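Trainee: Here it is, the structure, as structure tokens.
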Amino acid sequence: IIELEEFKRVVGIKNVTINEPFFQGHFPGNPIMPGVLILEAMAQVAGILGLHSLGHQGDQRVYFLGIDKARFRKPVVPGDQLRFEMDVLQHRGGIWRFKGVALVDGIKVAEAELLAMTEEKAHSS
């Protein structure tokens, strides 16, 4: 995480390296980062924004609820640096809607709207 403005925006970075296990099967001889993992990374960056905005003390969780308007524009390959820019579209109660992009060298490679829920973690007795 390189930028964070509570309840508004977060920016995170992911360096994509060839030693990541998913590249072995996706695709042999032509490694491409799976789109679902790009979306997962976007969701994790957005989740950090939600938890940090609520003053995360280790007693909250984020649940991924949905994806809308997901688009993939360009393959992501080893050596790329992904920049995730996530903005809060809406926050009501524990429900969050984020809009984000993934960029490589300033070029949009993916975009999506994500829906998530923050919740207090149940304490066991």
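Ordering of the structure tokens sets the chain letters (A, B, ...); residue numbers start at 1 within each chain; ligands are numbered from 1 in the order shown.
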Skip A:Glu3 itself and residues of its chain fewer than 4 positions away, then list as a VMD selection string all residues within 10 Å of it, counting only C-alpha atoms.
Mentor: chain A and resid 9 to 13 49 85
Trainee: Write out the residues from the selection above, keeping N, CA and C atoms, as a PDB file, in the first residue's frame.
Mentor:
```pdb
ATOM      1  N   ARG A   9      -9.942   6.367  -0.901  1.00  0.00           N
ATOM      2  CA  ARG A   9      -9.087   5.859  -1.971  1.00  0.00           C
ATOM      3  C   ARG A   9      -7.874   5.136  -1.395  1.00  0.00           C
ATOM      4  N   VAL A  10      -7.389   4.145  -2.158  1.00  0.00           N
ATOM      5  CA  VAL A  10      -6.171   3.436  -1.790  1.00  0.00           C
ATOM      6  C   VAL A  10      -5.426   3.060  -3.068  1.00  0.00           C
ATOM      7  N   VAL A  11      -4.107   3.021  -2.977  1.00  0.00           N
ATOM      8  CA  VAL A  11      -3.262   2.589  -4.090  1.00  0.00           C
ATOM      9  C   VAL A  11      -2.312   1.530  -3.553  1.00  0.00           C
ATOM     10  N   GLY A  12      -2.238   0.406  -4.261  1.00  0.00           N
ATOM     11  CA  GLY A  12      -1.328  -0.673  -3.882  1.00  0.00           C
ATOM     12  C   GLY A  12      -0.521  -1.142  -5.072  1.00  0.00           C
ATOM     13  N   ILE A  13       0.618  -1.746  -4.791  1.00  0.00           N
ATOM     14  CA  ILE A  13       1.542  -2.224  -5.818  1.00  0.00           C
ATOM     15  C   ILE A  13       1.766  -3.727  -5.651  1.00  0.00           C
ATOM     16  N   LEU A  49      -8.347  -0.873   2.556  1.00  0.00           N
ATOM     17  CA  LEU A  49      -8.939   0.458   2.705  1.00  0.00           C
ATOM     18  C   LEU A  49     -10.125   0.412   3.669  1.00  0.00           C
ATOM     19  N   GLU A  85      -5.530   0.989  -8.179  1.00  0.00           N
ATOM     20  CA  GLU A  85      -6.121   2.231  -7.683  1.00  0.00           C
ATOM     21  C   GLU A  85      -7.593   1.959  -7.425  1.00  0.00           C
TER      22      GLU A  85
END
```
Trainee: Among the residues of stretch 17-103 of chain A, find those DSSP assigns to strand (DSSP E or B) from the backbone and print them as a PyMOL selection string.
Mentor: chain A and resi 60-72+81-92+95-103
Trainee: Skipping near chain neighbours, those fewer than 3 positions away, what residues fall within 6 Å of A:Leu115 using only C-alpha atoms, listed as a ChimeraX atom specification?
Mentor: /A:65-66,96-97
Trainee: Residues within 12 Å of A:Leu37, please, as a tab-separated table (two decimals) with N, CA, C and O atoms, in the first residue's frame. Count only C-alpha atoms; anything in the same chain fewer than 6 positions from it doesn't count.
Mentor:
```tsv
chain	number	residue	atom	x	y	z
A	14	LYS	N	1.84	-4.44	-6.78
A	14	LYS	CA	2.19	-5.87	-6.79
A	14	LYS	C	3.22	-6.08	-7.88
A	14	LYS	O	2.96	-5.79	-9.05
A	16	VAL	N	4.99	-8.55	-10.20
A	16	VAL	CA	4.67	-9.86	-10.75
A	16	VAL	C	5.98	-10.55	-11.14
A	16	VAL	O	6.72	-10.05	-11.98
A	20	GLU	N	6.13	-17.23	-9.29
A	20	GLU	CA	4.82	-17.47	-8.68
A	20	GLU	C	4.24	-18.76	-9.26
A	20	GLU	O	4.27	-18.98	-10.46
A	22	PHE	N	1.37	-20.02	-10.00
A	22	PHE	CA	0.31	-20.08	-11.01
A	22	PHE	C	0.86	-19.98	-12.43
A	22	PHE	O	0.20	-20.40	-13.38
A	23	PHE	N	2.07	-19.44	-12.60
A	23	PHE	CA	2.64	-19.33	-13.94
A	23	PHE	C	3.00	-20.70	-14.54
A	23	PHE	O	3.11	-20.83	-15.75
A	26	HIS	N	-0.27	-21.55	-16.37
A	26	HIS	CA	-1.05	-20.49	-17.02
A	26	HIS	C	-0.14	-19.52	-17.74
A	26	HIS	O	0.10	-18.43	-17.25
A	43	ALA	N	-9.40	-6.82	-4.82
A	43	ALA	CA	-10.26	-6.98	-3.65
A	43	ALA	C	-9.46	-6.85	-2.36
A	43	ALA	O	-9.93	-6.25	-1.38
A	44	GLN	N	-8.25	-7.41	-2.33
A	44	GLN	CA	-7.43	-7.31	-1.12
A	44	GLN	C	-7.01	-5.87	-0.85
A	44	GLN	O	-7.03	-5.42	0.31
A	72	PHE	N	-10.92	-7.00	-18.80
A	72	PHE	CA	-9.48	-7.21	-18.91
A	72	PHE	C	-9.04	-6.65	-20.25
A	72	PHE	O	-9.60	-6.98	-21.28
A	76	VAL	N	-1.09	-9.54	-18.26
A	76	VAL	CA	-0.09	-9.18	-17.26
A	76	VAL	C	0.92	-10.33	-17.24
A	76	VAL	O	0.53	-11.50	-17.10
A	82	LEU	N	2.12	-4.25	-11.18
A	82	LEU	CA	0.71	-3.86	-11.17
A	82	LEU	C	0.49	-2.75	-10.15
A	82	LEU	O	0.96	-2.84	-9.01
A	102	ALA	N	-6.49	-1.64	-12.55
A	102	ALA	CA	-5.15	-2.19	-12.45
A	102	ALA	C	-4.37	-1.65	-13.64
A	102	ALA	O	-4.85	-1.71	-14.78
A	110	ALA	N	-6.84	-3.85	-16.38
A	110	ALA	CA	-8.09	-4.43	-15.87
A	110	ALA	C	-8.84	-3.36	-15.09
A	110	ALA	O	-8.26	-2.39	-14.62
```
Trainee: For a test of reading the model, state the distance in Å between atom CA of A:Glu40 and atom CA of A:Phe64, rounded to one decimal.
Mentor: 9.2 Å
Trainee: So what do you get for atom CA of A:Asp68 versus atom CA of A:Glu113, distance-wise?
Mentor: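 These atoms are spaced 5.0 Å apart.
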Trainee: Check stretch 12-45 of chain A with DSSP on the backbone and list each residue it calls alpha helix (DSSP H), as a PyMOL selection string.
Mentor: chain A and resi 35-45
Trainee: Would you mind exporting the chosen residues as a PDB file, in the first residue's frame, restricted to all heavy atoms?
Mentor:
```pdb
ATOM      1  N   GLY A  35      -6.678 -13.650 -14.743  1.00  0.00           N
ATOM      2  CA  GLY A  35      -7.545 -12.512 -14.444  1.00  0.00           C
ATOM      3  C   GLY A  35      -8.177 -12.602 -13.074  1.00  0.00           C
ATOM      4  O   GLY A  35      -8.330 -11.588 -12.385  1.00  0.00           O
ATOM      5  N   VAL A  36      -8.534 -13.800 -12.653  1.00  0.00           N
ATOM      6  CA  VAL A  36      -9.171 -13.962 -11.347  1.00  0.00           C
ATOM      7  C   VAL A  36      -8.219 -13.535 -10.222  1.00  0.00           C
ATOM      8  O   VAL A  36      -8.652 -13.003  -9.203  1.00  0.00           O
ATOM      9  CB  VAL A  36      -9.697 -15.402 -11.151  1.00  0.00           C
ATOM     10  CG1 VAL A  36      -8.572 -16.411 -11.054  1.00  0.00           C
ATOM     11  CG2 VAL A  36     -10.621 -15.495  -9.957  1.00  0.00           C
ATOM     12  N   LEU A  37      -6.918 -13.721 -10.416  1.00  0.00           N
ATOM     13  CA  LEU A  37      -5.957 -13.300  -9.400  1.00  0.00           C
ATOM     14  C   LEU A  37      -5.748 -11.788  -9.419  1.00  0.00           C
ATOM     15  O   LEU A  37      -5.465 -11.188  -8.374  1.00  0.00           O
ATOM     16  CB  LEU A  37      -4.631 -14.042  -9.568  1.00  0.00           C
ATOM     17  CG  LEU A  37      -4.718 -15.550  -9.317  1.00  0.00           C
ATOM     18  CD1 LEU A  37      -3.342 -16.195  -9.486  1.00  0.00           C
ATOM     19  CD2 LEU A  37      -5.288 -15.851  -7.945  1.00  0.00           C
ATOM     20  N   ILE A  38      -5.894 -11.173 -10.574  1.00  0.00           N
ATOM     21  CA  ILE A  38      -5.855  -9.709 -10.635  1.00  0.00           C
ATOM     22  C   ILE A  38      -7.043  -9.151  -9.859  1.00  0.00           C
ATOM     23  O   ILE A  38      -6.902  -8.222  -9.066  1.00  0.00           O
ATOM     24  CB  ILE A  38      -5.848  -9.222 -12.096  1.00  0.00           C
ATOM     25  CG1 ILE A  38      -4.565  -9.675 -12.804  1.00  0.00           C
ATOM     26  CG2 ILE A  38      -5.994  -7.700 -12.164  1.00  0.00           C
ATOM     27  CD1 ILE A  38      -4.563  -9.462 -14.308  1.00  0.00           C
ATOM     28  N   LEU A  39      -8.225  -9.742 -10.054  1.00  0.00           N
ATOM     29  CA  LEU A  39      -9.414  -9.303  -9.309  1.00  0.00           C
ATOM     30  C   LEU A  39      -9.251  -9.548  -7.811  1.00  0.00           C
ATOM     31  O   LEU A  39      -9.647  -8.707  -6.991  1.00  0.00           O
ATOM     32  CB  LEU A  39     -10.663 -10.012  -9.824  1.00  0.00           C
ATOM     33  CG  LEU A  39     -11.127  -9.628 -11.212  1.00  0.00           C
ATOM     34  CD1 LEU A  39     -12.283 -10.517 -11.644  1.00  0.00           C
ATOM     35  CD2 LEU A  39     -11.524  -8.160 -11.291  1.00  0.00           C
ATOM     36  N   GLU A  40      -8.666 -10.673  -7.445  1.00  0.00           N
ATOM     37  CA  GLU A  40      -8.428 -10.968  -6.031  1.00  0.00           C
ATOM     38  C   GLU A  40      -7.497  -9.922  -5.415  1.00  0.00           C
ATOM     39  O   GLU A  40      -7.729  -9.456  -4.293  1.00  0.00           O
ATOM     40  CB  GLU A  40      -7.836 -12.364  -5.862  1.00  0.00           C
ATOM     41  CG  GLU A  40      -7.399 -12.701  -4.445  1.00  0.00           C
ATOM     42  CD  GLU A  40      -8.523 -12.749  -3.419  1.00  0.00           C
ATOM     43  OE1 GLU A  40      -9.688 -12.962  -3.796  1.00  0.00           O
ATOM     44  OE2 GLU A  40      -8.227 -12.566  -2.221  1.00  0.00           O
ATOM     45  N   ALA A  41      -6.460  -9.552  -6.136  1.00  0.00           N
ATOM     46  CA  ALA A  41      -5.537  -8.531  -5.633  1.00  0.00           C
ATOM     47  C   ALA A  41      -6.255  -7.191  -5.474  1.00  0.00           C
ATOM     48  O   ALA A  41      -6.037  -6.474  -4.488  1.00  0.00           O
ATOM     49  CB  ALA A  41      -4.337  -8.403  -6.566  1.00  0.00           C
ATOM     50  N   MET A  42      -7.120  -6.857  -6.432  1.00  0.00           N
ATOM     51  CA  MET A  42      -7.907  -5.627  -6.318  1.00  0.00           C
ATOM     52  C   MET A  42      -8.772  -5.676  -5.061  1.00  0.00           C
ATOM     53  O   MET A  42      -8.868  -4.689  -4.314  1.00  0.00           O
ATOM     54  CB  MET A  42      -8.782  -5.427  -7.556  1.00  0.00           C
ATOM     55  CG  MET A  42      -8.011  -5.120  -8.814  1.00  0.00           C
ATOM     56  SD  MET A  42      -9.050  -5.105 -10.297  1.00  0.00           S
ATOM     57  CE  MET A  42      -9.811  -3.480 -10.124  1.00  0.00           C
ATOM     58  N   ALA A  43      -9.403  -6.820  -4.823  1.00  0.00           N
ATOM     59  CA  ALA A  43     -10.265  -6.979  -3.652  1.00  0.00           C
ATOM     60  C   ALA A  43      -9.462  -6.853  -2.355  1.00  0.00           C
ATOM     61  O   ALA A  43      -9.929  -6.247  -1.383  1.00  0.00           O
ATOM     62  CB  ALA A  43     -10.983  -8.329  -3.709  1.00  0.00           C
ATOM     63  N   GLN A  44      -8.248  -7.407  -2.327  1.00  0.00           N
ATOM     64  CA  GLN A  44      -7.429  -7.308  -1.118  1.00  0.00           C
ATOM     65  C   GLN A  44      -7.014  -5.867  -0.845  1.00  0.00           C
ATOM     66  O   GLN A  44      -7.033  -5.420   0.307  1.00  0.00           O
ATOM     67  CB  GLN A  44      -6.215  -8.214  -1.240  1.00  0.00           C
ATOM     68  CG  GLN A  44      -6.586  -9.683  -1.143  1.00  0.00           C
ATOM     69  CD  GLN A  44      -5.380 -10.600  -1.167  1.00  0.00           C
ATOM     70  OE1 GLN A  44      -4.261 -10.194  -0.884  1.00  0.00           O
ATOM     71  NE2 GLN A  44      -5.607 -11.852  -1.506  1.00  0.00           N
ATOM     72  N   VAL A  45      -6.642  -5.137  -1.891  1.00  0.00           N
ATOM     73  CA  VAL A  45      -6.274  -3.726  -1.712  1.00  0.00           C
ATOM     74  C   VAL A  45      -7.487  -2.941  -1.202  1.00  0.00           C
ATOM     75  O   VAL A  45      -7.386  -2.149  -0.266  1.00  0.00           O
ATOM     76  CB  VAL A  45      -5.714  -3.141  -3.027  1.00  0.00           C
ATOM     77  CG1 VAL A  45      -5.564  -1.625  -2.942  1.00  0.00           C
ATOM     78  CG2 VAL A  45      -4.369  -3.784  -3.364  1.00  0.00           C
TER      79      VAL A  45
END
```
Trainee: Which residues come within 8 Å of A:Val62, counting only C-alpha atoms, excluding same-chain residues fewer than 2 positions away, as a ChimeraX atom specification?
Mentor: /A:47,50-51,60,64,116-119
Trainee: Generate the output file for the selected residues, N, CA, C and O atoms, as a PDB file, in the first residue's frame.
Mentor:
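Contents of out_18.pdb, as written:
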```pdb
ATOM      1  N   GLY A  47     -10.026  -4.134   0.440  1.00  0.00           N
ATOM      2  CA  GLY A  47     -10.297  -4.590   1.803  1.00  0.00           C
ATOM      3  C   GLY A  47      -9.428  -3.883   2.831  1.00  0.00           C
ATOM      4  O   GLY A  47      -9.886  -3.545   3.928  1.00  0.00           O
ATOM      5  N   GLY A  50     -11.006  -0.571   3.495  1.00  0.00           N
ATOM      6  CA  GLY A  50     -12.167  -0.686   4.378  1.00  0.00           C
ATOM      7  C   GLY A  50     -11.774  -0.905   5.824  1.00  0.00           C
ATOM      8  O   GLY A  50     -12.259  -0.213   6.728  1.00  0.00           O
ATOM      9  N   LEU A  51     -10.871  -1.848   6.060  1.00  0.00           N
ATOM     10  CA  LEU A  51     -10.453  -2.133   7.437  1.00  0.00           C
ATOM     11  C   LEU A  51      -9.734  -0.945   8.063  1.00  0.00           C
ATOM     12  O   LEU A  51      -9.987  -0.593   9.210  1.00  0.00           O
ATOM     13  N   GLN A  60     -12.029  -7.400  12.998  1.00  0.00           N
ATOM     14  CA  GLN A  60     -12.950  -7.269  11.870  1.00  0.00           C
ATOM     15  C   GLN A  60     -12.471  -8.121  10.713  1.00  0.00           C
ATOM     16  O   GLN A  60     -11.282  -8.411  10.583  1.00  0.00           O
ATOM     17  N   PHE A  64     -15.795 -10.720   0.520  1.00  0.00           N
ATOM     18  CA  PHE A  64     -15.978 -10.335  -0.869  1.00  0.00           C
ATOM     19  C   PHE A  64     -17.374 -10.784  -1.288  1.00  0.00           C
ATOM     20  O   PHE A  64     -17.721 -11.951  -1.167  1.00  0.00           O
ATOM     21  N   ALA A 116     -18.154  -5.518  -1.128  1.00  0.00           N
ATOM     22  CA  ALA A 116     -17.605  -6.215   0.029  1.00  0.00           C
ATOM     23  C   ALA A 116     -18.391  -5.858   1.276  1.00  0.00           C
ATOM     24  O   ALA A 116     -19.140  -4.875   1.297  1.00  0.00           O
ATOM     25  N   MET A 117     -18.197  -6.668   2.313  1.00  0.00           N
ATOM     26  CA  MET A 117     -18.852  -6.435   3.584  1.00  0.00           C
ATOM     27  C   MET A 117     -17.802  -6.534   4.689  1.00  0.00           C
ATOM     28  O   MET A 117     -16.990  -7.462   4.694  1.00  0.00           O
ATOM     29  N   THR A 118     -17.817  -5.570   5.605  1.00  0.00           N
ATOM     30  CA  THR A 118     -16.967  -5.661   6.786  1.00  0.00           C
ATOM     31  C   THR A 118     -17.841  -6.103   7.947  1.00  0.00           C
ATOM     32  O   THR A 118     -19.012  -5.736   8.034  1.00  0.00           O
ATOM     33  N   GLU A 119     -17.247  -6.914   8.816  1.00  0.00           N
ATOM     34  CA  GLU A 119     -18.014  -7.479   9.924  1.00  0.00           C
ATOM     35  C   GLU A 119     -17.096  -7.722  11.113  1.00  0.00           C
ATOM     36  O   GLU A 119     -15.935  -8.080  10.936  1.00  0.00           O
TER      37      GLU A 119
END
```
Trainee: Rank nothing, just name the residue among A:Gly106, A:Gly79, A:Pro28, A:Gly55 nearest to A:Glu120, using only C-alpha atoms.
Mentor: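 Looking only at the distances to A:Glu120, the closest residue turns out to be A:Gly55.
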Trainee: Please list as a PDB file with N, CA and C atoms, in the first residue's frame every residue within 6 Å of A:Glu111, counting only C-alpha atoms and excluding residues in the same chain fewer than 4 positions away.
Mentor:
```pdb
ATOM      1  N   ALA A  70     -16.405  -6.123 -14.703  1.00  0.00           N
ATOM      2  CA  ALA A  70     -15.002  -6.533 -14.815  1.00  0.00           C
ATOM      3  C   ALA A  70     -14.609  -6.606 -16.289  1.00  0.00           C
ATOM      4  N   ARG A  71     -13.461  -6.014 -16.595  1.00  0.00           N
ATOM      5  CA  ARG A  71     -12.936  -6.025 -17.963  1.00  0.00           C
ATOM      6  C   ARG A  71     -11.429  -6.203 -17.890  1.00  0.00           C
ATOM      7  N   GLY A 100     -12.321   0.180  -9.261  1.00  0.00           N
ATOM      8  CA  GLY A 100     -10.876   0.199  -9.345  1.00  0.00           C
ATOM      9  C   GLY A 100     -10.333  -0.161 -10.703  1.00  0.00           C
ATOM     10  N   VAL A 101      -9.056   0.167 -10.851  1.00  0.00           N
ATOM     11  CA  VAL A 101      -8.316  -0.173 -12.061  1.00  0.00           C
ATOM     12  C   VAL A 101      -6.993  -0.811 -11.650  1.00  0.00           C
TER      13      VAL A 101
END
```
Trainee: Go through A:Gln90, A:Ser53, A:Gln81, A:Asn30 and flag the residue nearest A:Glu5, using only C-alpha atoms for the distances.
Mentor: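 Distance minimum relative to A:Glu5 lands on A:Ser53.
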Trainee: I'd like the neighbourhood of A:Lys99 as a PDB file with C-alpha atoms, in the first residue's frame, where a residue qualifies if any of its atoms comes within 7 Å (using only C-alpha atoms), though same-chain residues fewer than 6 positions away should be ignored.
Mentor:
```pdb
ATOM      1  CA  MET A  86      -9.326   1.632  -5.744  1.00  0.00           C
ATOM      2  CA  ASP A  87     -11.952   4.266  -4.942  1.00  0.00           C
ATOM      3  CA  VAL A  88     -14.948   4.012  -2.610  1.00  0.00           C
ATOM      4  CA  LEU A  89     -18.182   4.476  -4.560  1.00  0.00           C
ATOM      5  CA  ALA A 112     -13.944  -3.693 -12.033  1.00  0.00           C
ATOM      6  CA  GLU A 113     -16.474  -2.675  -9.421  1.00  0.00           C
ATOM      7  CA  LEU A 114     -16.300  -4.770  -6.265  1.00  0.00           C
TER       8      LEU A 114
END
```
Trainee: A:Phe98, A:His52, A:Arg83, A:Val77: which is nearest A:Phe27, counting only C-alpha atoms?
Mentor: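 Comparing A:Phe98, A:His52, A:Arg83, A:Val77 against A:Phe27, the winner is A:Val77.
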Trainee: Distance atom CA of A:Asp80-atom CA of A:Thr17, one decimal place?
Mentor: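 If I compute the distance from atom CA of A:Asp80 to atom CA of A:Thr17, I get 7.7 Å.
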